[in-house]
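S.K.: Dumping the structure here so I can ask a few things about it.
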Amino acid sequence: MEPPRCPECGALVRVYPTTYDRWVSLAMVELPAKDVPAAFRWRLTRVPDRSPVPTDIVAVRVRGIDPLPSEPVVPAHRMMCVPECGEP
């Protein structure tokens, strides 16, 4: 199954649930934290069930302690979204 596409720019996006019952569209690539403004930084984390095998992945906002400049984060897609221009 192919990832969904952004209706604005047509780029592929990854859609994940968040820790506060919402969904977020994330970019398909990870970037160093220094290249992503703080408001757009996300991490993907596994939520373990009672078993030792992780069962689900959620998106978590990077807050509190700032990541190192070279630490990879997943940017929100809207940071990278450039709408397609229509034909004149």
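Ordering of the structure tokens sets the chain letters (A, B, ...), residue numbers begin anew at 1 in every chain, and ligands are numbered from 1 in the order given.
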Skipping near chain neighbours, those fewer than 2 positions away, what residues fall within 12 Å of stretch 8-16 of chain A using only C-alpha atoms, listed as a PyMOL selection string?

M.R.: chain A and resi 2-6+18-30+42-46+56-61+74-86

S.K.: So that I can check the surroundings of A:Glu71, please list as number ranges by chain every protein, DNA and RNA residue that reaches within 10 Å of it, counting only C-alpha atoms and ignoring chain neighbours fewer than 2 positions away.

M.R.: A: 30-34, 66-69, 73

S.K.: What parts of chain A does DSSP call strand (DSSP E or B)? I'd like the answer as an MDAnalysis selection string.

M.R.: chainID A and resid 5 12 14:18 23:26 31:32 41:48 54:61 72:76

S.K.: Mind the document's chain letters and residue numbers, and return as a PyMOL selection string the residues of chain A that DSSP labels helix (DSSP H, G or I).

M.R.: chain A and resi 33-35+38-40+77-80

S.K.: Could you save the residues just selected, with C-alpha atoms, as a tab-separated table (two decimals), in the first residue's frame?

M.R.:
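Saved to result-v1.tsv:
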chain	number	residue	atom	x	y	z
A	33	ALA	CA	17.28	19.14	14.22
A	34	LYS	CA	19.27	22.26	13.25
A	35	ASP	CA	17.43	22.32	9.89
A	38	ALA	CA	11.24	23.79	16.84
A	39	ALA	CA	7.50	24.00	16.08
A	40	PHE	CA	7.80	21.35	13.33
A	77	HIS	CA	4.90	17.89	6.27
A	78	ARG	CA	3.42	21.40	6.38
A	79	MET	CA	6.95	22.78	6.91
A	80	MET	CA	7.98	21.31	3.56
